[in-house]
$ cat protein_2.txt   # compact mmCIF, C-alpha atoms
# COMPACT_ATOMS: atom_id res chain seq x y z
CA MET A 1 64.34 110.15 153.85
CA ASN A 2 66.35 107.16 155.06
CA PHE A 3 69.99 108.10 154.49
CA VAL A 4 71.38 104.56 154.43
CA GLU A 5 68.64 103.30 152.10
CA GLU A 6 69.24 106.26 149.79
CA LEU A 7 72.94 105.44 149.53
CA ARG A 8 72.30 101.70 149.26
CA TRP A 9 70.22 101.86 146.06
CA ARG A 10 72.73 104.29 144.59
CA GLY A 11 75.56 101.80 145.14
CA MET A 12 77.36 104.17 147.50
CA ILE A 13 77.98 101.93 150.51
CA HIS A 14 81.10 99.80 150.94
CA ASP A 15 81.43 99.45 154.74
CA LEU A 16 78.93 100.23 157.47
CA THR A 17 79.34 99.82 161.23
CA PRO A 18 76.59 97.95 163.09
CA GLY A 19 73.93 100.18 164.62
CA THR A 20 74.34 103.03 162.11
CA GLU A 21 70.77 102.86 160.80
CA GLU A 22 69.35 102.65 164.30
CA TYR A 23 71.35 105.71 165.36
CA LEU A 24 70.10 107.79 162.43
CA ALA A 25 66.51 106.65 162.97
CA LYS A 26 66.48 108.33 166.39
CA GLY A 27 66.60 111.86 164.95
CA MET A 28 69.09 114.31 163.51
CA GLY A 29 72.56 112.82 163.38
CA THR A 30 75.91 114.55 162.85
CA ALA A 31 78.64 113.21 160.58
CA TYR A 32 81.84 114.52 159.07
CA VAL A 33 84.04 113.99 156.05
CA GLY A 34 87.74 114.85 156.13
CA ILE A 35 89.15 116.71 153.14
CA ASP A 36 92.86 116.96 152.48
CA PRO A 37 93.69 120.62 151.65
CA THR A 38 96.90 119.95 149.71
CA ALA A 39 95.53 121.93 146.72
CA ASP A 40 93.31 125.00 146.41
CA SER A 41 90.69 123.03 144.53
CA LEU A 42 88.87 119.76 144.95
CA HIS A 43 88.88 117.31 142.05
CA ILE A 44 86.17 114.86 141.10
CA GLY A 45 87.81 112.15 143.19
CA HIS A 46 86.69 114.17 146.25
CA LEU A 47 83.19 114.48 144.87
CA VAL A 48 81.99 111.04 146.00
CA SER A 49 82.37 111.69 149.73
CA VAL A 50 81.05 115.25 149.36
CA MET A 51 77.96 113.88 147.60
CA ILE A 52 77.44 111.59 150.59
CA LEU A 53 77.50 114.68 152.83
CA LYS A 54 75.01 116.33 150.50
CA HIS A 55 72.63 113.36 150.81
CA PHE A 56 73.21 113.38 154.59
CA GLN A 57 72.03 117.00 154.82
CA ARG A 58 69.11 116.42 152.46
CA CYS A 59 67.96 113.58 154.74
CA GLY A 60 67.73 116.03 157.66
CA HIS A 61 71.09 115.40 159.30
CA ARG A 62 73.95 117.81 160.06
CA PRO A 63 77.06 117.54 157.85
CA ILE A 64 80.53 118.71 158.88
CA ALA A 65 83.25 119.24 156.30
CA LEU A 66 86.60 118.97 158.05
CA VAL A 67 89.50 120.58 156.21
CA GLY A 68 92.60 118.82 157.46
CA GLY A 69 94.95 121.71 158.08
CA ALA A 70 96.85 119.67 160.68
CA THR A 71 96.63 116.27 159.00
CA GLY A 72 97.47 117.96 155.67
CA MET A 73 100.82 118.87 157.19
CA ILE A 74 101.51 115.16 157.69
CA GLY A 75 100.02 113.44 154.63
CA ASP A 76 97.67 110.46 154.65
CA PRO A 77 99.61 107.26 153.85
CA SER A 78 96.40 105.44 152.77
CA GLY A 79 96.88 104.24 149.20
CA LYS A 80 100.23 106.04 148.95
CA SER A 81 103.64 104.55 148.32
CA LEU A 82 105.72 107.67 148.95
CA GLU A 83 105.99 110.38 151.58
CA ARG A 84 104.05 113.50 150.60
CA ASN A 85 105.32 117.07 150.53
CA LEU A 86 104.29 119.11 153.54
CA LEU A 87 102.59 122.52 153.31
CA ASP A 88 102.92 125.53 155.56
CA GLU A 89 100.03 127.16 157.42
CA SER A 90 99.51 130.08 155.01
CA ALA A 91 99.18 127.75 152.02
CA LEU A 92 96.77 125.52 153.93
CA ARG A 93 94.61 128.51 154.97
CA HIS A 94 94.44 129.70 151.37
CA ASN A 95 93.42 126.22 150.24
CA GLN A 96 90.77 126.03 152.96
CA GLU A 97 89.03 129.20 151.77
CA ALA A 98 89.09 128.04 148.15
CA ILE A 99 87.66 124.64 149.11
CA LYS A 100 84.90 126.21 151.21
CA ALA A 101 83.78 128.27 148.20
CA GLN A 102 83.47 125.06 146.18
CA LEU A 103 81.69 123.18 148.95
CA SER A 104 79.17 126.02 149.22
CA ARG A 105 77.80 124.96 145.83
CA LEU A 106 77.06 121.52 147.27
CA LEU A 107 76.24 122.05 150.95
CA ASP A 108 74.09 124.66 152.68
CA PHE A 109 76.26 126.50 155.21
CA ASP A 110 73.76 129.35 155.64
CA SER A 111 70.62 127.44 156.57
CA THR A 112 68.67 128.57 159.63
CA GLU A 113 67.76 124.93 160.26
CA PRO A 114 69.59 122.87 162.93
CA ASN A 115 71.23 120.78 160.20
CA SER A 116 73.10 123.70 158.61
CA ALA A 117 76.48 122.50 157.31
CA LEU A 118 79.65 123.35 159.22
CA LEU A 119 83.23 123.81 158.03
CA VAL A 120 86.01 123.14 160.56
CA ASN A 121 89.79 122.94 160.36
CA ASN A 122 91.57 120.47 162.62
CA TYR A 123 94.57 122.78 162.84
CA ASP A 124 92.44 125.01 165.06
CA TRP A 125 92.40 122.42 167.86
CA MET A 126 95.61 120.56 167.12
CA ARG A 127 97.95 123.58 167.21
CA GLY A 128 97.42 124.08 170.93
CA ILE A 129 98.35 120.51 171.87
CA THR A 130 101.97 119.82 172.74
CA PHE A 131 103.69 116.63 171.63
CA LEU A 132 104.01 115.46 175.23
CA ASP A 133 100.33 116.11 175.90
CA PHE A 134 99.35 114.15 172.81
CA ILE A 135 101.42 111.05 173.46
CA ARG A 136 100.42 111.07 177.17
CA ASP A 137 96.67 111.56 176.72
CA THR A 138 95.98 110.02 173.31
CA GLY A 139 98.96 107.96 172.19
CA LYS A 140 98.66 105.64 175.19
CA LEU A 141 95.13 104.60 174.14
CA LEU A 142 96.25 102.51 171.15
CA THR A 143 98.93 99.86 170.88
CA VAL A 144 101.56 99.79 168.15
CA ASN A 145 100.27 96.32 167.22
CA TYR A 146 96.81 97.78 166.58
CA MET A 147 98.23 100.55 164.39
CA MET A 148 100.57 98.22 162.47
CA ALA A 149 97.66 95.93 161.58
CA LYS A 150 96.01 98.63 159.43
CA ASP A 151 96.22 97.96 155.69
CA SER A 152 97.51 101.47 154.99
CA VAL A 153 100.52 100.69 157.19
CA LYS A 154 101.06 97.03 156.30
CA LYS A 155 101.22 97.74 152.56
CA ARG A 156 104.13 100.09 153.10
CA PHE A 157 106.13 97.45 154.96
CA ASP A 158 105.14 94.27 153.14
CA ALA A 159 106.59 92.96 149.86
CA GLY A 160 109.80 94.96 150.12
CA GLY A 161 108.09 98.27 150.76
CA GLU A 162 110.18 101.20 151.92
CA GLY A 163 108.19 101.65 155.12
CA MET A 164 107.12 105.07 156.33
CA SER A 165 108.31 107.84 158.57
CA PHE A 166 107.13 108.18 162.16
CA THR A 167 105.25 111.29 160.96
CA GLU A 168 103.09 109.29 158.55
CA PHE A 169 102.76 106.42 160.99
CA THR A 170 101.04 108.77 163.44
CA TYR A 171 98.52 109.94 160.83
CA GLN A 172 95.80 107.50 161.84
CA LEU A 173 96.18 108.55 165.46
CA VAL A 174 95.87 112.24 164.58
CA GLN A 175 92.84 111.62 162.36
CA GLY A 176 91.32 109.43 165.05
CA TYR A 177 91.76 112.31 167.47
CA ASP A 178 89.70 114.51 165.09
CA PHE A 179 86.78 112.11 165.46
CA LEU A 180 87.23 112.11 169.24
CA HIS A 181 87.33 115.92 169.33
CA LEU A 182 84.21 116.33 167.19
CA PHE A 183 82.48 113.63 169.22
CA ASP A 184 83.21 115.54 172.44
CA THR A 185 82.60 119.10 171.23
CA MET A 186 79.92 118.83 168.54
CA GLY A 187 78.14 115.57 169.25
CA CYS A 188 79.45 114.11 166.00
CA ARG A 189 78.83 110.36 166.06
CA MET A 190 79.72 109.43 162.48
CA GLN A 191 82.62 109.67 160.07
CA LEU A 192 82.08 109.20 156.33
CA GLY A 193 84.65 108.65 153.58
CA GLY A 194 86.03 106.45 150.84
CA SER A 195 86.73 102.79 151.50
CA ASP A 196 90.48 103.55 151.76
CA GLN A 197 89.62 105.52 154.93
CA TRP A 198 88.05 102.58 156.76
CA GLY A 199 91.19 101.94 158.81
CA ASN A 200 91.42 105.58 159.90
CA ILE A 201 87.69 105.70 160.69
CA THR A 202 87.80 102.58 162.85
CA THR A 203 90.83 103.98 164.65
CA GLY A 204 88.73 107.00 165.60
CA ILE A 205 85.89 104.77 166.78
CA GLU A 206 88.35 102.75 168.87
CA LEU A 207 89.80 105.92 170.41
CA ILE A 208 86.30 107.10 171.36
CA ARG A 209 85.48 103.71 172.86
CA ARG A 210 88.66 103.57 174.93
CA LYS A 211 88.52 107.21 176.03
CA SER A 212 84.89 107.14 177.10
CA GLY A 213 84.54 103.51 178.07
CA GLY A 214 81.29 103.46 176.12
CA GLU A 215 79.68 105.78 178.66
CA ARG A 216 78.82 108.58 176.23
CA GLY A 217 77.35 106.56 173.40
CA GLU A 218 78.62 104.72 170.36
CA ALA A 219 80.38 106.09 167.27
CA TYR A 220 79.77 104.94 163.71
CA GLY A 221 81.42 104.86 160.31
CA LEU A 222 80.29 104.53 156.71
CA THR A 223 82.42 104.34 153.59
CA CYS A 224 81.67 104.36 149.89
CA PRO A 225 83.42 102.27 147.25
CA LEU A 226 86.42 103.74 145.49
CA ILE A 227 85.16 104.63 142.03
CA LYS A 228 86.88 103.02 139.05
CA LYS A 229 86.03 103.11 135.38
CA ALA A 230 84.52 100.01 133.82
CA ASP A 231 87.84 99.23 132.09
CA GLY A 232 89.61 99.20 135.45
CA THR A 233 91.48 102.48 134.99
CA LYS A 234 91.46 105.22 137.61
CA PHE A 235 88.36 107.38 137.78
CA GLY A 236 88.88 111.10 137.20
CA LYS A 237 92.29 110.78 135.55
CA THR A 238 92.81 111.87 131.94
CA GLU A 239 95.86 112.45 129.76
CA GLN A 240 95.81 116.05 131.02
CA GLY A 241 95.68 114.92 134.67
CA ASN A 242 92.97 115.38 137.30
CA ILE A 243 89.53 116.79 136.52
CA TRP A 244 89.37 119.72 138.94
CA LEU A 245 86.31 121.60 140.18
CA ASP A 246 88.06 124.96 139.77
CA ALA A 247 87.50 126.39 136.28
CA ALA A 248 91.06 127.78 136.30
CA TYR A 249 92.44 124.21 136.32
CA THR A 250 89.76 122.37 134.32
CA SER A 251 87.60 124.51 132.06
CA PRO A 252 83.82 124.02 132.34
CA TYR A 253 83.91 122.83 128.73
CA ARG A 254 86.47 120.11 129.44
CA PHE A 255 84.61 119.25 132.66
CA TYR A 256 81.39 118.83 130.66
CA GLN A 257 83.16 116.76 128.01
CA PHE A 258 84.56 114.38 130.63
CA TRP A 259 81.07 113.37 131.75
CA LEU A 260 79.64 113.42 128.23
CA ASN A 261 82.29 110.99 126.98
CA THR A 262 81.82 108.33 129.66
CA SER A 263 80.97 104.80 128.54
CA ASP A 264 77.41 103.49 128.81
CA GLU A 265 78.41 101.25 131.72
CA ASP A 266 80.14 104.05 133.61
CA ALA A 267 77.31 106.52 132.95
CA ALA A 268 74.80 104.07 134.44
CA SER A 269 76.87 104.04 137.64
CA TYR A 270 77.89 107.69 137.75
CA ILE A 271 74.37 109.06 137.34
CA ARG A 272 73.41 107.41 140.64
CA ILE A 273 76.51 108.62 142.45
CA PHE A 274 77.09 112.14 141.13
CA THR A 275 73.56 113.48 140.66
CA MET A 276 70.57 114.03 142.93
CA LEU A 277 68.12 112.53 140.44
CA ASP A 278 65.69 110.14 142.08
CA ARG A 279 65.23 106.47 141.25
CA ASP A 280 62.26 107.00 138.93
CA GLU A 281 64.09 109.63 136.88
CA ILE A 282 67.16 107.42 136.58
CA ASP A 283 65.09 104.37 135.62
CA ALA A 284 63.39 106.43 132.88
CA LEU A 285 66.79 107.55 131.55
CA MET A 286 68.06 103.96 131.59
CA ALA A 287 65.03 102.91 129.52
CA GLU A 288 65.73 105.73 127.04
CA GLN A 289 69.37 104.62 126.81
CA THR A 290 68.34 101.04 126.08
CA ALA A 291 65.89 102.17 123.38
CA ALA A 292 68.25 104.61 121.66
CA PRO A 293 71.85 104.19 122.89
CA HIS A 294 73.20 106.18 119.93
CA LEU A 295 71.48 109.30 121.30
CA ARG A 296 73.32 108.89 124.64
CA PRO A 297 70.54 110.33 126.85
CA LEU A 298 72.26 109.00 129.98
CA GLN A 299 75.56 110.73 129.26
CA ARG A 300 73.87 113.96 128.20
CA ARG A 301 71.82 114.19 131.38
CA LEU A 302 74.78 113.19 133.54
CA ALA A 303 76.96 115.90 131.96
CA GLU A 304 74.20 118.47 132.40
CA GLU A 305 73.46 117.68 136.05
CA VAL A 306 77.07 117.63 137.22
CA THR A 307 78.21 120.67 135.20
CA VAL A 308 75.29 122.79 136.43
CA MET A 309 75.87 121.64 140.01
CA ILE A 310 79.61 122.43 140.03
CA HIS A 311 79.71 125.46 137.73
CA SER A 312 76.36 126.97 136.71
CA ARG A 313 73.58 126.72 134.16
CA GLY A 314 75.28 129.47 132.16
CA GLU A 315 78.60 127.61 132.00
CA TYR A 316 76.77 124.44 131.00
CA ASP A 317 75.00 126.29 128.17
CA LYS A 318 78.34 127.65 126.95
CA ALA A 319 79.88 124.18 127.07
CA VAL A 320 77.03 122.76 124.98
CA GLU A 321 77.43 125.58 122.45
CA ALA A 322 81.18 125.08 122.33
CA SER A 323 80.76 121.37 121.67
CA GLN A 324 78.85 122.27 118.52
CA ILE A 325 81.92 123.96 117.00
CA LEU A 326 83.50 120.72 115.82
CA PHE A 327 80.62 118.27 116.17
CA GLY A 328 77.42 120.15 115.35
CA GLY A 329 75.72 123.07 113.72
CA ALA A 330 77.65 125.96 115.25
CA THR A 331 77.70 129.26 113.33
CA ALA A 332 79.97 132.29 113.27
CA ASP A 333 77.62 133.86 115.83
CA THR A 334 78.20 130.87 118.12
CA LEU A 335 81.95 131.42 117.92
CA ARG A 336 81.61 135.11 118.70
CA ARG A 337 79.37 134.50 121.72
CA LEU A 338 81.88 132.27 123.44
CA ASP A 339 84.52 133.71 125.77
CA GLU A 340 88.10 133.15 124.69
CA ALA A 341 88.83 130.47 127.32
CA THR A 342 85.82 128.35 126.30
CA LEU A 343 86.63 128.77 122.61
CA LEU A 344 90.21 127.61 123.09
CA ALA A 345 89.12 124.72 125.31
CA ALA A 346 86.76 123.53 122.59
CA LEU A 347 89.53 123.76 120.01
CA ASP A 348 92.16 122.05 122.15
CA GLY A 349 94.08 119.64 119.94
CA VAL A 350 93.14 121.37 116.69
CA PRO A 351 96.28 122.10 114.57
CA THR A 352 97.23 125.71 115.25
CA TYR A 353 99.26 128.20 113.25
CA ARG A 354 100.44 131.60 114.48
CA LEU A 355 101.52 134.64 112.49
CA PRO A 356 101.63 138.42 112.88
CA ALA A 357 98.23 140.09 112.48
CA GLY A 358 99.58 142.37 109.77
CA GLU A 359 100.31 139.38 107.55
CA LEU A 360 96.71 138.14 107.73
CA THR A 361 94.19 140.97 107.46
CA GLY A 362 93.84 142.43 103.99
CA THR A 363 95.39 139.29 102.46
CA PRO A 364 93.44 137.17 99.96
CA PHE A 365 92.15 134.05 101.72
CA VAL A 366 93.68 131.73 99.10
CA ASP A 367 97.12 133.33 99.42
CA ALA A 368 97.04 133.26 103.24
CA MET A 369 96.02 129.58 103.47
CA VAL A 370 98.79 128.43 101.13
CA GLU A 371 101.65 130.91 101.51
CA LYS A 372 101.29 132.16 105.07
CA VAL A 373 100.11 128.93 106.73
CA PRO A 374 100.37 125.48 105.10
CA VAL A 375 96.72 124.47 105.50
CA PHE A 376 96.27 123.65 101.81
CA PRO A 377 98.99 122.25 99.50
CA SER A 378 98.30 124.55 96.52
CA LYS A 379 96.15 127.46 95.42
CA GLY A 380 94.72 125.39 92.60
CA GLU A 381 93.51 122.65 94.94
CA LEU A 382 92.12 125.23 97.37
CA ARG A 383 90.14 126.97 94.61
CA LYS A 384 88.79 123.61 93.50
CA LEU A 385 87.68 122.79 97.07
CA ILE A 386 86.01 126.20 97.39
CA ALA A 387 84.10 125.61 94.16
CA GLY A 388 82.89 122.29 95.54
CA GLY A 389 81.76 123.78 98.86
CA GLY A 390 84.47 122.02 100.86
CA VAL A 391 86.06 124.98 102.65
CA GLY A 392 84.76 126.88 105.68
CA LEU A 393 85.83 130.01 107.52
CA ASN A 394 84.44 130.48 111.02
CA ARG A 395 81.82 127.77 110.39
CA GLU A 396 80.55 129.46 107.19
CA LYS A 397 81.28 128.21 103.68
CA VAL A 398 83.76 130.14 101.61
CA THR A 399 82.05 130.73 98.27
CA ASP A 400 84.37 133.29 96.64
CA ALA A 401 87.94 132.25 95.85
CA ALA A 402 88.87 135.93 95.65
CA GLN A 403 87.69 136.68 99.20
CA THR A 404 90.03 138.81 101.32
CA ILE A 405 90.46 138.31 105.06
CA ALA A 406 89.01 141.31 106.86
CA GLU A 407 89.55 142.55 110.41
CA SER A 408 85.91 141.68 111.12
CA ASP A 409 86.60 138.02 110.30
CA LEU A 410 88.84 137.65 113.36
CA ILE A 411 87.03 136.04 116.31
CA ALA A 412 87.90 137.95 119.51
CA GLY A 413 90.18 140.07 117.33
CA LYS A 414 92.71 137.29 116.75
CA TYR A 415 91.30 133.89 115.69
CA LEU A 416 90.22 132.26 112.44
CA LEU A 417 88.74 128.76 112.33
CA VAL A 418 89.33 127.16 108.95
CA GLN A 419 87.59 123.95 107.89
CA LYS A 420 88.80 121.61 105.13
CA GLY A 421 86.27 118.97 104.19
CA LYS A 422 83.93 117.63 106.85
CA LYS A 423 86.28 116.84 109.72
CA ASN A 424 89.55 118.76 109.36
CA TYR A 425 89.85 122.01 111.33
CA TYR A 426 92.70 124.47 111.72
CA LEU A 427 93.03 127.42 114.09
CA ILE A 428 94.87 130.48 112.83
CA VAL A 429 96.03 132.92 115.51
CA ALA A 430 96.91 136.47 114.53
CA GLU A 431 99.34 137.79 117.14

$ encode --input "protein_2.txt" --output "structure tokens"
Amino acid sequence: MNFVEELRWRGMIHDLTPGTEEYLAKGMGTAYVGIDPTADSLHIGHLVSVMILKHFQRCGHRPIALVGGATGMIGDPSGKSLERNLLDESALRHNQEAIKAQLSRLLDFDSTEPNSALLVNNYDWMRGITFLDFIRDTGKLLTVNYMMAKDSVKKRFDAGGEGMSFTEFTYQLVQGYDFLHLFDTMGCRMQLGGSDQWGNITTGIELIRRKSGGERGEAYGLTCPLIKKADGTKFGKTEQGNIWLDAAYTSPYRFYQFWLNTSDEDAASYIRIFTMLDRDEIDALMAEQTAAPHLRPLQRRLAEEVTVMIHSRGEYDKAVEASQILFGGATADTLRRLDEATLLAALDGVPTYRLPAGELTGTPFVDAMVEKVPVFPSKGELRKLIAGGGVGLNREKVTDAAQTIAESDLIAGKYLLVQKGKKNYYLIVAE
């Protein structure tokens, strides 16, 4: 497969250095993506550049994921207006291991083929370099004028900006050195990343050119567009914050719901970028979406592909089941099959009442829903709703106004889901 052509039809190319396609046409190429290890999980903002690495490997080339243990101690000023907090080595090592586990779902690190993926940490080669060695051997290769001309630097000084520390100013030089090191030691000729990294990438290319004098071959760069939502807001941000790949920070259910709830316009873009579906499959889905937009086939397939890729088929199936609790034909059995975390994620935002378990079990349902928790205004109105089939307990209709709440009614030994009418749900927690 032609890597550049594959990215081009998917809308995943923003900048491309001349000669890139010719270089890759000669045989197996090597490229890297830098990942900032300031957290022990990637979020979906990282996913674009990692997907590019995934395509790179699928096209027969060798991908390198570089965890920036050294650069993470500095902080990339690109797109930032403030200095970032610095992390110590132990925190960065922990983050590196967590990130590798996530990348292993997307890249093949265990292949016996020459293009098996590699994970490297720039701290491993930077820690042995003294400050004097660095400014003597590397710092002299670039002028201050060249470094000041980069957008990531200019924006911090222009229009009354607060500037940046010397530490952050050197970031592009340190990242450029990564490219030079990988070029020398691993034959890495390409750096990939988001369009905000173009300045750092070209700095690396310039360092290689000046260090080698062009004698050892050219270096190349490719960036993808920064992803934004159709309404112009930031991709991957919600009211709850980032959408993380780690289930401990973003549940698989909420992860699935993020993709399922994208707009038609965004889904048409995201399905090219965040899935490995081919052009024919995507065209067929687009036709289905046009014919029956209310069925949302594009969003459903997008949510399925990405959730299975990042989590698993099992977690995807649970997320689909959980989504039926409030919006579909879920039953009491559905509720009991779900683990507690998925159940609570699906019911996030539902009005919740808590009371001691002893005040719930053995109590008549009517008494509990009026006297113990204020779900219904009066016993008379509740009985009338029950007679009309308008009350549910754990997704089953309550048919007997004299029903008593039993221990067996509690989901996971502590939860009741009460439904009033078609759309009003309440979660009762027995503590």

$ residues_around --input "protein_2.txt" --residues "Ala303 (chain A)" --least-positions-apart "4" --cutoff "10 Å" --atoms "all atoms listed in the file" --output "PDB file with C-alpha atoms, in the coordinates of the input"
ATOM      1  CA  PHE A 255      84.610 119.250 132.660  1.00  0.00           C
ATOM      2  CA  TYR A 256      81.390 118.830 130.660  1.00  0.00           C
ATOM      3  CA  GLN A 257      83.160 116.760 128.010  1.00  0.00           C
ATOM      4  CA  PHE A 258      84.560 114.380 130.630  1.00  0.00           C
ATOM      5  CA  TRP A 259      81.070 113.370 131.750  1.00  0.00           C
ATOM      6  CA  LEU A 260      79.640 113.420 128.230  1.00  0.00           C
ATOM      7  CA  ASN A 261      82.290 110.990 126.980  1.00  0.00           C
ATOM      8  CA  THR A 262      81.820 108.330 129.660  1.00  0.00           C
ATOM      9  CA  ALA A 267      77.310 106.520 132.950  1.00  0.00           C
ATOM     10  CA  ILE A 271      74.370 109.060 137.340  1.00  0.00           C
ATOM     11  CA  PHE A 274      77.090 112.140 141.130  1.00  0.00           C
ATOM     12  CA  THR A 275      73.560 113.480 140.660  1.00  0.00           C
ATOM     13  CA  PRO A 297      70.540 110.330 126.850  1.00  0.00           C
ATOM     14  CA  LEU A 298      72.260 109.000 129.980  1.00  0.00           C
ATOM     15  CA  GLN A 299      75.560 110.730 129.260  1.00  0.00           C
ATOM     16  CA  THR A 307      78.210 120.670 135.200  1.00  0.00           C
ATOM     17  CA  VAL A 308      75.290 122.790 136.430  1.00  0.00           C
ATOM     18  CA  MET A 309      75.870 121.640 140.010  1.00  0.00           C
ATOM     19  CA  TYR A 316      76.770 124.440 131.000  1.00  0.00           C
ATOM     20  CA  VAL A 320      77.030 122.760 124.980  1.00  0.00           C
TER      21      VAL A 320
END

$ atom_distance --input "protein_2.txt" --atom1 "CA of Pro377 (chain A)" --atom2 "CA of Lys420 (chain A)"
11.7 Å

$ closest_residue --input "protein_2.txt" --among "A:Ala98, A:Ala412, A:Met148, A:Leu295" --to "Asp339 (chain A)" --atoms "only C-alpha atoms"
A:Ala412

$ residues_around --input "protein_2.txt" --residues "Arg127 (chain A)" --least-positions-apart "5" --cutoff "12 Å" --atoms "only C-alpha atoms" --output "ChimeraX atom specification"
/A:69-71,73,89,121-122,133-134,174

$ residues_around --input "protein_2.txt" --residues "Gly45 (chain A)" --least-positions-apart "4" --cutoff "9 Å" --atoms "all atoms listed in the file" --output "mmCIF file with C-alpha atoms, in the frame of the given file"
data_model
loop_
_atom_site.group_PDB
_atom_site.id
_atom_site.type_symbol
_atom_site.label_atom_id
_atom_site.label_comp_id
_atom_site.auth_asym_id
_atom_site.auth_seq_id
_atom_site.Cartn_x
_atom_site.Cartn_y
_atom_site.Cartn_z
ATOM 1 C CA SER A 49 82.370 111.690 149.730
ATOM 2 C CA LEU A 226 86.420 103.740 145.490
ATOM 3 C CA ILE A 227 85.160 104.630 142.030
ATOM 4 C CA PHE A 235 88.360 107.380 137.780
ATOM 5 C CA GLY A 236 88.880 111.100 137.200
ATOM 6 C CA LYS A 237 92.290 110.780 135.550
ATOM 7 C CA ASN A 242 92.970 115.380 137.300
ATOM 8 C CA ILE A 243 89.530 116.790 136.520
ATOM 9 C CA TRP A 244 89.370 119.720 138.940
#

$ atom_distance --input "protein_2.txt" --atom1 "CA of Arg313 (chain A)" --atom2 "CA of Lys423 (chain A)"
29.3 Å

$ closest_residue --input "protein_2.txt" --among "A:Ile428, A:Leu106, A:Leu7, A:Val67" --to "Val375 (chain A)" --atoms "all atoms listed in the file"
A:Ile428

$ closest_residue --input "protein_2.txt" --among "A:Ile273, A:Leu427, A:Cys59, A:Ala39" --to "Gly349 (chain A)" --atoms "all atoms listed in the file"
A:Leu427

$ atom_distance --input "protein_2.txt" --atom1 "CA of Leu338 (chain A)" --atom2 "CA of Glu305 (chain A)"
21.0 Å

$ residues_around --input "protein_2.txt" --residues "Gly34 (chain A)" --least-positions-apart "5" --cutoff "10 Å" --atoms "all atoms listed in the file" --output "VMD selection string"
chain A and resid 46 49 to 50 64 to 68 71 120 to 122 175 178 to 179 191 to 193 197

$ residues_around --input "protein_2.txt" --residues "Arg336 (chain A)" --least-positions-apart "3" --cutoff "12 Å" --atoms "only C-alpha atoms" --output "ChimeraX atom specification"
/A:318,321-322,325,330-333,339-340,342-343,394-395,408-417

$ closest_residue --input "protein_2.txt" --among "A:Phe365, A:Tyr426, A:Tyr171, A:Phe166" --to "Leu326 (chain A)" --atoms "only C-alpha atoms"
A:Tyr426

$ residues_near_point --input "protein_2.txt" --point "(72.2, 109.7, 167.3)" --cutoff "10 Å" --atoms "all atoms listed in the file" --output "CSV table (one decimal) with C-alpha atoms, in the frame of the given file"
chain,number,residue,atom,x,y,z
A,20,THR,CA,74.3,103.0,162.1
A,21,GLU,CA,70.8,102.9,160.8
A,22,GLU,CA,69.4,102.6,164.3
A,23,TYR,CA,71.4,105.7,165.4
A,24,LEU,CA,70.1,107.8,162.4
A,25,ALA,CA,66.5,106.6,163.0
A,26,LYS,CA,66.5,108.3,166.4
A,27,GLY,CA,66.6,111.9,165.0
A,28,MET,CA,69.1,114.3,163.5
A,29,GLY,CA,72.6,112.8,163.4
A,30,THR,CA,75.9,114.6,162.8
A,31,ALA,CA,78.6,113.2,160.6
A,61,HIS,CA,71.1,115.4,159.3
A,187,GLY,CA,78.1,115.6,169.2
A,188,CYS,CA,79.4,114.1,166.0
A,189,ARG,CA,78.8,110.4,166.1
A,190,MET,CA,79.7,109.4,162.5
A,217,GLY,CA,77.4,106.6,173.4
A,218,GLU,CA,78.6,104.7,170.4
A,219,ALA,CA,80.4,106.1,167.3
A,220,TYR,CA,79.8,104.9,163.7

$ closest_residue --input "protein_2.txt" --among "A:Arg136, A:Phe169, A:Asp15, A:Leu207" --to "Asp184 (chain A)" --atoms "all atoms listed in the file"
A:Leu207

$ closest_residue --input "protein_2.txt" --among "A:Ser378, A:Ser116, A:Gln419, A:Ser165" --to "Leu393 (chain A)" --atoms "all atoms listed in the file"
A:Gln419

$ axis_aligned_box --input "protein_2.txt" --around "region 113-131 of chain A" --padding-each-side "5 Å" --output "AutoDock Vina command-line options"
--center_x 85.7 --center_y 120.8 --center_z 165.0 --size_x 45.9 --size_y 18.4 --size_z 25.4

$ decode --input "protein_2.txt" --residues "region 368-383 of chain A" --atoms "C-alpha atoms" --output "short mmCIF file (atom, residue, chain, number, x, y, z; two decimals), in the first residue's frame"
data_model
loop_
_atom_site.label_atom_id
_atom_site.label_comp_id
_atom_site.auth_asym_id
_atom_site.auth_seq_id
_atom_site.Cartn_x
_atom_site.Cartn_y
_atom_site.Cartn_z
CA ALA A 368 -40.48 3.88 50.11
CA MET A 369 -40.96 6.00 46.96
CA VAL A 370 -42.94 8.68 48.80
CA GLU A 371 -41.73 8.67 52.40
CA LYS A 372 -38.13 7.49 52.14
CA VAL A 373 -37.19 9.17 48.84
CA PRO A 374 -39.24 11.94 47.19
CA VAL A 375 -39.60 10.32 43.77
CA PHE A 376 -43.40 10.65 43.74
CA PRO A 377 -45.40 13.48 45.37
CA SER A 378 -48.08 11.30 46.99
CA LYS A 379 -49.10 7.69 47.50
CA GLY A 380 -52.38 8.32 45.75
CA GLU A 381 -50.71 9.61 42.59
CA LEU A 382 -48.19 6.74 42.68
CA ARG A 383 -50.96 4.13 42.93
#
